[in-house]
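Visitor: Structure file run-v2.cif, mmCIF, C-alpha atoms, is pasted below:
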data_my_file
loop_
_atom_site.label_atom_id
_atom_site.label_comp_id
_atom_site.auth_asym_id
_atom_site.auth_seq_id
_atom_site.Cartn_x
_atom_site.Cartn_y
_atom_site.Cartn_z
CA MET A 1440 22.02 11.47 18.51
CA ARG A 1441 20.63 13.92 21.02
CA SER A 1442 22.43 14.45 24.27
CA ALA A 1443 20.56 14.42 27.56
CA SER A 1444 22.77 17.10 29.07
CA PRO A 1445 20.94 20.30 30.07
CA GLY A 1446 23.21 22.53 28.03
CA SER A 1447 22.87 20.70 24.72
CA ASN A 1448 19.22 19.80 25.06
CA PRO A 1449 17.22 22.92 26.02
CA PRO A 1450 13.91 21.10 26.84
CA PHE A 1451 15.65 19.63 29.90
CA ALA A 1452 16.90 22.98 31.13
CA GLY A 1453 13.63 24.14 32.70
CA PRO A 1454 12.80 20.99 34.72
CA LEU A 1455 16.39 20.54 35.87
CA ALA A 1456 16.73 24.19 36.82
CA ASP A 1457 13.56 23.91 38.91
CA LEU A 1458 15.15 21.01 40.82
CA ALA A 1459 18.38 22.84 41.57
CA GLU A 1460 17.15 24.77 44.61
CA PRO A 1461 15.36 21.83 46.36
CA LEU A 1462 18.40 19.60 45.80
CA ARG A 1463 20.69 22.03 47.66
CA ALA A 1464 18.80 21.21 50.84
CA VAL A 1465 19.13 17.44 50.39
CA ASP A 1466 21.88 15.46 52.09
CA PRO A 1467 24.10 14.01 49.31
CA GLU A 1468 24.40 10.63 51.00
CA ALA A 1469 20.65 10.38 51.54
CA PHE A 1470 20.05 11.38 47.94
CA SER A 1471 22.53 8.78 46.71
CA ALA A 1472 20.90 6.08 48.85
CA ALA A 1473 17.41 7.00 47.60
CA LEU A 1474 18.59 6.98 44.00
CA ASP A 1475 20.26 3.60 44.49
CA HIS A 1476 17.07 2.21 46.04
CA GLU A 1477 14.97 3.48 43.12
CA LEU A 1478 17.32 2.03 40.51
CA ARG A 1479 17.39 -1.34 42.26
CA ASP A 1480 13.61 -1.33 42.58
CA ARG A 1481 13.16 -0.63 38.88
CA ALA A 1482 15.67 -3.32 37.94
CA ASP A 1483 13.95 -5.82 40.24
CA ARG A 1484 10.53 -5.05 38.71
CA PHE A 1485 11.90 -5.50 35.21
CA LEU A 1486 13.57 -8.83 36.05
CA ARG A 1487 10.51 -10.03 37.92
CA GLY A 1488 8.30 -9.20 34.95
CA LEU A 1489 10.71 -10.96 32.60
CA GLU A 1490 10.68 -14.13 34.72
CA LEU A 1491 6.90 -14.05 35.05
CA TYR A 1492 6.63 -13.84 31.27
CA ARG A 1493 9.09 -16.68 30.69
CA HIS A 1494 7.17 -19.04 32.94
CA HIS A 1495 3.63 -17.93 32.11
CA PRO A 1496 1.41 -20.91 31.19
CA TYR A 1497 -0.35 -19.20 28.24
CA ARG A 1498 0.07 -20.92 24.88
CA ARG A 1499 -1.66 -19.94 21.66
CA GLU A 1500 -4.29 -22.56 20.88
CA LEU A 1501 -6.14 -21.16 17.86
CA PRO A 1502 -5.74 -23.66 15.01
CA ASP A 1503 -4.62 -22.61 11.54
CA MET A 1504 -7.56 -22.21 9.19
CA PRO A 1505 -7.85 -24.43 6.09
CA ALA A 1506 -5.49 -23.76 3.18
CA VAL A 1507 -7.14 -23.22 -0.21
CA TRP A 1508 -3.97 -22.45 -2.19
CA GLY A 1509 -0.25 -22.63 -1.70
CA GLU A 1510 3.04 -22.12 -3.48
CA GLY A 1511 6.46 -22.58 -1.91
CA THR A 1512 6.23 -21.44 1.70
CA THR A 1513 3.22 -19.19 0.98
CA THR A 1514 -0.26 -20.41 1.97
CA LEU A 1515 -3.70 -18.87 1.51
CA ARG A 1516 -6.00 -19.57 4.49
CA GLN A 1517 -9.76 -19.24 4.29
CA TYR A 1518 -11.85 -17.63 7.03
CA GLY A 1519 -15.56 -17.06 7.07
CA ARG A 1520 -18.52 -19.12 5.98
CA PRO A 1521 -18.81 -20.02 2.29
CA GLY A 1522 -21.80 -18.19 0.89
CA ALA A 1523 -21.79 -15.55 3.64
CA PRO A 1524 -23.39 -12.32 2.39
CA GLY A 1525 -20.39 -10.01 2.84
CA PRO A 1526 -17.53 -9.47 0.41
CA ALA A 1527 -14.40 -11.57 0.04
CA VAL A 1528 -11.22 -9.89 1.30
CA LEU A 1529 -7.64 -10.84 0.45
CA VAL A 1530 -5.65 -9.97 3.59
CA VAL A 1531 -1.93 -9.22 3.18
CA PRO A 1532 0.27 -9.09 6.30
CA SER A 1533 3.87 -7.93 6.57
CA LEU A 1534 6.78 -10.12 5.52
CA VAL A 1535 8.71 -9.39 8.72
CA ASN A 1536 6.33 -10.91 11.28
CA ARG A 1537 4.08 -13.94 11.47
CA ALA A 1538 0.65 -13.51 9.89
CA TYR A 1539 -1.26 -14.69 12.96
CA ILE A 1540 -1.15 -11.25 14.58
CA LEU A 1541 -4.39 -10.86 12.60
CA ASP A 1542 -5.77 -13.99 14.32
CA LEU A 1543 -4.01 -13.79 17.67
CA ALA A 1544 -6.39 -15.24 20.24
CA PRO A 1545 -10.11 -15.66 21.03
CA GLY A 1546 -11.58 -12.17 21.31
CA ARG A 1547 -8.41 -10.68 19.77
CA SER A 1548 -8.77 -11.83 16.18
CA LEU A 1549 -9.48 -9.25 13.48
CA LEU A 1550 -10.09 -12.03 10.95
CA HIS A 1551 -12.66 -13.83 13.09
CA HIS A 1552 -14.36 -10.49 13.73
CA LEU A 1553 -14.63 -9.83 9.99
CA ALA A 1554 -15.92 -13.36 9.44
CA GLY A 1555 -18.46 -12.85 12.22
CA ARG A 1556 -19.72 -9.77 10.38
CA GLY A 1557 -20.42 -11.89 7.29
CA LEU A 1558 -17.21 -11.13 5.36
CA ARG A 1559 -15.03 -13.86 3.85
CA PRO A 1560 -11.35 -13.13 4.56
CA TYR A 1561 -8.51 -15.02 2.87
CA LEU A 1562 -5.21 -14.62 4.75
CA VAL A 1563 -1.87 -14.72 2.95
CA ASP A 1564 0.43 -16.64 5.32
CA TRP A 1565 3.96 -15.96 4.09
CA ALA A 1566 5.77 -18.12 6.68
CA ALA A 1567 9.59 -18.07 6.78
CA PRO A 1568 11.48 -17.87 3.48
CA GLY A 1569 12.57 -21.26 2.16
CA PRO A 1570 15.46 -21.90 -0.26
CA GLU A 1571 13.46 -20.42 -3.17
CA GLU A 1572 12.13 -17.39 -1.28
CA ARG A 1573 15.59 -16.39 -0.03
CA GLY A 1574 16.26 -15.19 -3.56
CA PHE A 1575 13.03 -13.19 -3.79
CA ASP A 1576 12.83 -9.45 -4.19
CA LEU A 1577 9.60 -7.47 -3.83
CA THR A 1578 8.76 -8.03 -7.49
CA ALA A 1579 8.84 -11.79 -6.91
CA TYR A 1580 6.54 -11.44 -3.91
CA VAL A 1581 4.05 -9.02 -5.53
CA ALA A 1582 4.04 -9.92 -9.23
CA GLY A 1583 4.60 -13.59 -8.42
CA ARG A 1584 3.17 -14.91 -5.17
CA LEU A 1585 0.64 -12.18 -4.36
CA GLU A 1586 -0.84 -12.03 -7.86
CA ALA A 1587 -1.15 -15.83 -7.82
CA ALA A 1588 -2.96 -15.64 -4.47
CA LEU A 1589 -5.27 -12.97 -5.92
CA ASP A 1590 -5.95 -15.22 -8.92
CA ALA A 1591 -6.91 -18.04 -6.53
CA VAL A 1592 -9.36 -15.86 -4.59
CA VAL A 1593 -10.89 -14.33 -7.74
CA ALA A 1594 -11.41 -17.84 -9.13
CA LEU A 1595 -13.03 -19.03 -5.89
CA GLU A 1596 -15.26 -15.95 -5.63
CA GLY A 1597 -16.04 -15.47 -9.30
CA GLY A 1598 -15.06 -11.82 -9.55
CA PRO A 1599 -13.16 -8.85 -8.06
CA VAL A 1600 -12.43 -8.85 -4.32
CA ALA A 1601 -11.42 -6.36 -1.66
CA VAL A 1602 -7.78 -6.26 -0.56
CA LEU A 1603 -6.58 -5.35 2.94
CA GLY A 1604 -2.92 -4.79 3.81
CA TYR A 1605 -1.31 -4.27 7.21
CA CYS A 1606 2.04 -2.54 7.82
CA MET A 1607 4.50 -3.54 5.08
CA GLY A 1608 1.71 -5.75 3.74
CA GLY A 1609 -0.12 -2.52 2.93
CA ASP A 1610 2.65 -1.52 0.56
CA LEU A 1611 2.45 -4.93 -1.12
CA ALA A 1612 -1.35 -4.64 -1.31
CA LEU A 1613 -1.03 -1.16 -2.83
CA ALA A 1614 1.37 -2.45 -5.49
CA LEU A 1615 -1.01 -5.32 -6.21
CA ALA A 1616 -3.97 -2.94 -6.62
CA CYS A 1617 -1.94 -0.75 -8.99
CA ARG A 1618 -1.10 -3.78 -11.12
CA ARG A 1619 -4.50 -5.48 -11.03
CA PRO A 1620 -7.18 -2.76 -10.69
CA ARG A 1621 -9.85 -4.82 -12.45
CA ASP A 1622 -9.60 -7.55 -9.80
CA VAL A 1623 -9.52 -5.24 -6.74
CA CYS A 1624 -12.82 -3.56 -5.94
CA ARG A 1625 -11.82 -1.92 -2.61
CA LEU A 1626 -8.49 -1.33 -0.89
CA ALA A 1627 -7.85 -0.92 2.86
CA LEU A 1628 -4.37 0.03 4.08
CA LEU A 1629 -3.65 -0.22 7.82
CA ALA A 1630 -0.55 1.40 9.39
CA THR A 1631 1.13 1.41 5.99
CA PRO A 1632 4.38 3.39 5.66
CA TRP A 1633 4.84 5.58 2.61
CA ASP A 1634 6.93 8.70 3.25
CA PHE A 1635 9.88 7.27 5.19
CA HIS A 1636 11.38 10.74 5.75
CA ALA A 1637 8.19 12.45 6.95
CA GLU A 1638 9.37 11.90 10.54
CA ARG A 1639 12.69 10.61 11.87
CA GLY A 1640 14.35 10.93 8.47
CA GLY A 1641 17.80 10.86 10.03
CA GLN A 1642 17.00 7.59 11.79
CA ALA A 1643 15.72 6.11 8.52
CA ARG A 1644 18.94 7.03 6.72
CA ALA A 1645 20.98 5.59 9.60
CA ILE A 1646 19.16 2.26 9.22
CA ALA A 1647 20.08 2.26 5.51
CA ALA A 1648 23.71 3.04 6.32
CA TRP A 1649 23.80 0.19 8.86
CA PHE A 1650 22.43 -2.23 6.27
CA SER A 1651 25.05 -1.19 3.72
CA THR A 1652 27.74 -2.08 6.25
CA ALA A 1653 26.15 -5.43 7.13
CA GLU A 1654 25.06 -6.34 3.59
CA PRO A 1655 28.01 -8.64 2.72
CA TRP A 1656 27.14 -10.86 5.69
CA ILE A 1657 23.41 -10.75 4.98
CA ALA A 1658 23.99 -11.68 1.34
CA ARG A 1659 26.10 -14.64 2.48
CA TRP A 1660 23.40 -15.81 4.91
CA GLY A 1661 20.65 -15.31 2.32
CA ASP A 1662 18.41 -13.39 4.70
CA LEU A 1663 18.26 -10.74 7.40
CA PRO A 1664 18.04 -12.86 10.58
CA VAL A 1665 15.32 -12.40 13.17
CA ASP A 1666 17.75 -11.23 15.86
CA LEU A 1667 18.98 -8.37 13.67
CA LEU A 1668 15.43 -7.42 12.74
CA GLN A 1669 14.56 -7.31 16.45
CA MET A 1670 17.57 -5.07 17.04
CA LEU A 1671 16.29 -2.60 14.42
CA PHE A 1672 12.84 -2.50 16.02
CA MET A 1673 14.37 -2.02 19.49
CA ALA A 1674 16.35 0.96 18.19
CA LEU A 1675 13.04 2.77 17.59
CA ASP A 1676 12.37 2.80 21.37
CA PRO A 1677 15.31 1.41 23.40
CA ALA A 1678 13.49 1.74 26.75
CA LEU A 1679 10.34 -0.07 25.64
CA ALA A 1680 11.35 -3.48 27.02
CA LEU A 1681 12.13 -1.97 30.43
CA ARG A 1682 8.74 -0.25 30.57
CA LYS A 1683 6.58 -3.10 29.35
CA PHE A 1684 8.09 -5.89 31.49
CA SER A 1685 8.10 -3.64 34.54
CA SER A 1686 4.40 -2.99 34.01
CA PHE A 1687 3.75 -6.70 33.45
CA ALA A 1688 5.26 -7.46 36.87
CA ASP A 1689 2.34 -5.59 38.48
CA LEU A 1690 -0.41 -7.49 36.64
CA ASP A 1691 -2.46 -10.38 37.96
CA PRO A 1692 -0.85 -13.27 36.03
CA THR A 1693 -4.22 -15.02 35.73
CA GLY A 1694 -6.01 -11.96 34.37
CA ASP A 1695 -7.00 -11.04 30.83
CA LYS A 1696 -4.42 -8.25 30.61
CA ALA A 1697 -1.58 -10.63 31.47
CA HIS A 1698 -2.78 -13.19 28.93
CA ALA A 1699 -3.03 -10.48 26.25
CA PHE A 1700 0.49 -9.28 27.06
CA VAL A 1701 1.94 -12.79 26.78
CA ALA A 1702 0.07 -13.49 23.54
CA LEU A 1703 1.51 -10.37 21.94
CA GLU A 1704 5.00 -10.92 23.33
CA ASP A 1705 5.03 -14.52 22.08
CA TRP A 1706 4.09 -13.25 18.62
CA LEU A 1707 6.82 -10.62 18.71
CA ASN A 1708 9.37 -13.30 19.63
CA ASP A 1709 8.13 -15.63 16.89
CA GLY A 1710 9.51 -13.57 14.03
CA VAL A 1711 10.74 -14.72 10.64
CA PRO A 1712 13.84 -13.64 8.70
CA LEU A 1713 13.59 -11.37 5.67
CA ALA A 1714 14.98 -12.47 2.30
CA ALA A 1715 18.21 -10.60 1.59
CA PRO A 1716 17.03 -8.88 -1.66
CA VAL A 1717 13.81 -7.75 0.06
CA ALA A 1718 15.79 -6.47 3.05
CA ARG A 1719 17.94 -4.39 0.71
CA GLU A 1720 14.93 -2.89 -1.09
CA CYS A 1721 13.19 -2.02 2.16
CA LEU A 1722 16.12 -0.69 4.18
CA VAL A 1723 18.20 0.97 1.44
CA ASP A 1724 15.57 2.00 -1.13
CA TRP A 1725 12.62 2.66 1.19
CA TYR A 1726 14.24 3.88 4.41
CA GLY A 1727 17.40 5.34 2.91
CA ALA A 1728 16.27 6.77 -0.43
CA ASN A 1729 12.54 7.18 0.38
CA ALA A 1730 11.76 5.55 -2.97
CA PRO A 1731 7.97 5.09 -2.45
CA ALA A 1732 7.25 8.76 -1.70
CA ARG A 1733 9.56 9.86 -4.55
CA ARG A 1734 7.67 7.56 -6.98
CA ALA A 1735 10.89 5.61 -7.51
CA TRP A 1736 9.73 2.23 -6.20
CA ARG A 1737 9.13 -0.15 -9.09
CA VAL A 1738 7.58 -3.62 -9.19
CA ALA A 1739 8.31 -5.59 -12.35
CA GLY A 1740 9.60 -2.38 -13.92
CA ARG A 1741 6.45 -0.31 -13.22
CA VAL A 1742 6.34 2.57 -10.76
CA VAL A 1743 4.00 1.98 -7.83
CA ASP A 1744 1.97 5.20 -8.01
CA PRO A 1745 -0.93 5.61 -5.56
CA ALA A 1746 -2.24 8.53 -7.65
CA ALA A 1747 -3.27 5.99 -10.28
CA LEU A 1748 -5.73 4.22 -7.96
CA ARG A 1749 -9.42 4.64 -8.76
CA MET A 1750 -11.09 2.10 -6.45
CA PRO A 1751 -12.47 3.19 -3.05
CA THR A 1752 -9.53 3.25 -0.62
CA LEU A 1753 -9.36 3.45 3.16
CA VAL A 1754 -6.17 4.46 4.97
CA MET A 1755 -5.98 3.86 8.73
CA ALA A 1756 -3.06 5.75 10.28
CA PRO A 1757 -2.89 5.19 14.07
CA GLN A 1758 -1.83 8.26 16.00
CA GLN A 1759 0.38 6.47 18.55
CA ASP A 1760 2.36 4.32 16.12
CA ARG A 1761 6.06 4.01 17.03
CA ILE A 1762 6.89 1.80 14.04
CA VAL A 1763 5.10 3.67 11.24
CA PRO A 1764 4.98 7.37 12.12
CA HIS A 1765 1.59 8.99 11.66
CA ALA A 1766 2.93 11.42 9.06
CA SER A 1767 4.38 8.56 7.02
CA ALA A 1768 1.01 6.83 6.75
CA THR A 1769 -1.07 9.98 6.23
CA ALA A 1770 1.21 10.92 3.32
CA LEU A 1771 -0.14 7.83 1.56
CA ALA A 1772 -3.73 8.94 2.14
CA ALA A 1773 -2.88 12.32 0.63
CA ALA A 1774 -1.39 10.64 -2.44
CA ILE A 1775 -4.49 8.52 -3.22
CA PRO A 1776 -7.37 10.37 -4.97
CA GLY A 1777 -10.47 10.38 -2.78
CA ALA A 1778 -8.99 8.19 -0.05
CA THR A 1779 -10.81 7.97 3.28
CA LEU A 1780 -8.50 8.60 6.25
CA LEU A 1781 -9.13 7.37 9.79
CA SER A 1782 -6.65 7.99 12.62
CA PRO A 1783 -7.51 5.88 15.67
CA THR A 1784 -5.81 6.80 18.94
CA LEU A 1785 -3.93 3.52 19.09
CA GLY A 1786 -0.50 2.10 18.36
CA HIS A 1787 0.84 -0.06 15.56
CA ILE A 1788 0.00 -3.41 17.17
CA GLY A 1789 -2.77 -2.11 19.43
CA MET A 1790 -4.87 -1.19 16.40
CA ILE A 1791 -4.91 -4.87 15.40
CA ALA A 1792 -4.96 -6.81 18.67
CA GLY A 1793 -5.33 -4.31 21.52
CA GLY A 1794 -8.27 -3.86 23.83
CA GLY A 1795 -9.43 -0.75 21.96
CA ALA A 1796 -9.17 -2.32 18.50
CA PRO A 1797 -12.71 -3.79 18.18
CA ALA A 1798 -14.46 -0.43 18.58
CA ALA A 1799 -11.85 1.88 17.03
CA VAL A 1800 -10.66 -0.26 14.11
CA TRP A 1801 -12.42 -3.57 13.55
CA ALA A 1802 -16.01 -2.27 13.48
CA PRO A 1803 -15.41 0.72 11.17
CA LEU A 1804 -13.15 -1.39 8.96
CA ALA A 1805 -15.78 -4.12 8.59
CA GLY A 1806 -18.47 -1.53 7.85
CA TRP A 1807 -16.33 0.15 5.20
CA LEU A 1808 -15.38 -3.13 3.51
CA ASP A 1809 -19.05 -4.13 3.42
CA SER A 1810 -20.15 -0.86 1.79
CA GLY A 1811 -21.60 -0.80 -1.68
CA PRO A 1812 -19.24 -0.52 -4.67
CA GLY A 1813 -19.93 3.17 -5.13
CA ASP A 1814 -19.73 4.15 -1.48
CA PRO A 1815 -16.62 6.00 -0.20
#
Please render this file's structure as structure tokens.
Guide:
Amino acid sequence: MRSASPGSNPPFAGPLADLAEPLRAVDPEAFSAALDHELRDRADRFLRGLELYRHHPYRRELPDMPAVWGEGTTTLRQYGRPGAPGPAVLVVPSLVNRAYILDLAPGRSLLHHLAGRGLRPYLVDWAAPGPEERGFDLTAYVAGRLEAALDAVVALEGGPVAVLGYCMGGDLALALACRRPRDVCRLALLATPWDFHAERGGQARAIAAWFSTAEPWIARWGDLPVDLLQMLFMALDPALALRKFSSFADLDPTGDKAHAFVALEDWLNDGVPLAAPVARECLVDWYGANAPARRAWRVAGRVVDPAALRMPTLVMAPQQDRIVPHASATALAAAIPGATLLSPTLGHIGMIAGGGAPAAVWAPLAGWLDSGPGDP
């Protein structure tokens, strides 16, 4: 872990050295009082923002779309108008958050945008693992549930369909496309991690080491609980909560920005646990051993190799992603022959539900999915 002391962290030396001379002229007691006032003010803003969020009246009101298939706790939800001219798209979200980030609120729904452009999305809603899913590994999810969902969509549509994956769902979508290339005509991968050591490799290995220590408890529980998952995400940016709730305190609580903040924060706090075998594969094999990039990740005994893909593939790697570093996602684009790479200037969640998403992500994504079979 890096120290913030000037001697051990050279980037701080210049700014701190520049402050040395002005500080000599400052009364120590006045400086201490000003510093105390600033710290109290920041703490007050953070707590005020937190309380405003807790009591905000916003509640998500978008209804769940109709289910056309289901197995265990997994449901396939249909968006779009039957017979619409655009292609059908199987949409695969992450296992570690609720699927409705893709259908968050009116005006902030990627799925409704795609449907409005004439496409026919089918959303895989994983929900929380039940007694059966707690024993699942990634093979059970991909070769079992996800292939069954693909079968359902292919049967409904009468032929191959496009597949779209977001975050960890992109890795699952990639594995599905490798296994079922005849049934996947196009593949779009959004903020999908691949090379887990491309940036912050030490942090990735530390996450794996932490899991190895906690694994006996997680195996006993049957899953990695939401609170521990939240802790791992917080470790990526420990000061994020302070910044975002402090900023929220300054917003008009009746305004669109406040409502968007609360919608996203409610989704973040509505997480689901991760089945223990899946947690081990992701944290030990992916983060610790970098299995995907080393071509060591296997599903049902077969290596998941992006170099084997031959269908048109789009990789969207947001430049401001704190969860999936840009280099991790662009490594996947480099590994797929002929892949199209787009790098919007957005973050991991902002690319899906942020104010800049419709122009920077949704529109080009819809256009690409609706291209002809031979188009890039």
Visitor: Of the candidates A:Tyr1518, A:Ala1647, A:Gly1786, A:Arg1639, which shows the shortest atom-to-atom distance to His1552 of chain A, using only C-alpha atoms?
Guide: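 Counting only C-alpha atoms, the residue closest to His1552 of chain A is A:Tyr1518.
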Visitor: If I take atom CA of Ala1778 of chain A and atom CA of Thr1752 of chain A, how far is one from the other in Å, to one decimal?
Guide: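 Going from atom CA of Ala1778 of chain A over to atom CA of Thr1752 of chain A, I get 5.0 Å.
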Visitor: Pick from A:Val1665, A:Ser1767, A:His1494, A:Trp1706: nearest to Ala1567 of chain A, with only C-alpha atoms counted?
Guide: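 Counting only C-alpha atoms, the residue closest to Ala1567 of chain A is A:Val1665.
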Visitor: Tell me which protein, DNA and RNA residues are within 8 Å of Asp1809 of chain A, counting all atoms listed in the file, leaving out same-chain ones fewer than 3 positions away, and put them as a tab-separated table (two decimals) with C-alpha atoms, in the coordinates of the input.
Guide:
chain	number	residue	atom	x	y	z
A	1525	GLY	CA	-20.39	-10.01	2.84
A	1526	PRO	CA	-17.53	-9.47	0.41
A	1558	LEU	CA	-17.21	-11.13	5.36
A	1805	ALA	CA	-15.78	-4.12	8.59
A	1806	GLY	CA	-18.47	-1.53	7.85
Visitor: Using only C-alpha atoms for the distances, tell me which of A:Trp1656, A:Leu1486, A:Gly1511, A:Val1701 is nearest to Pro1570 of chain A.
Guide: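 Looking at the shortest contact to Pro1570 of chain A, the residue is A:Gly1511.
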Visitor: Name the residues that the PyMOL selection byres ((chain A and resi 1629) around 12) picks from the file above, as a PyMOL selection string, using the file's chain letters and numbers.
Guide: chain A and resi 1530-1533+1541+1602-1613+1626-1628+1630-1633+1752-1758+1760+1763+1765+1767-1769+1771-1772+1779-1783+1785-1791+1800-1801+1804
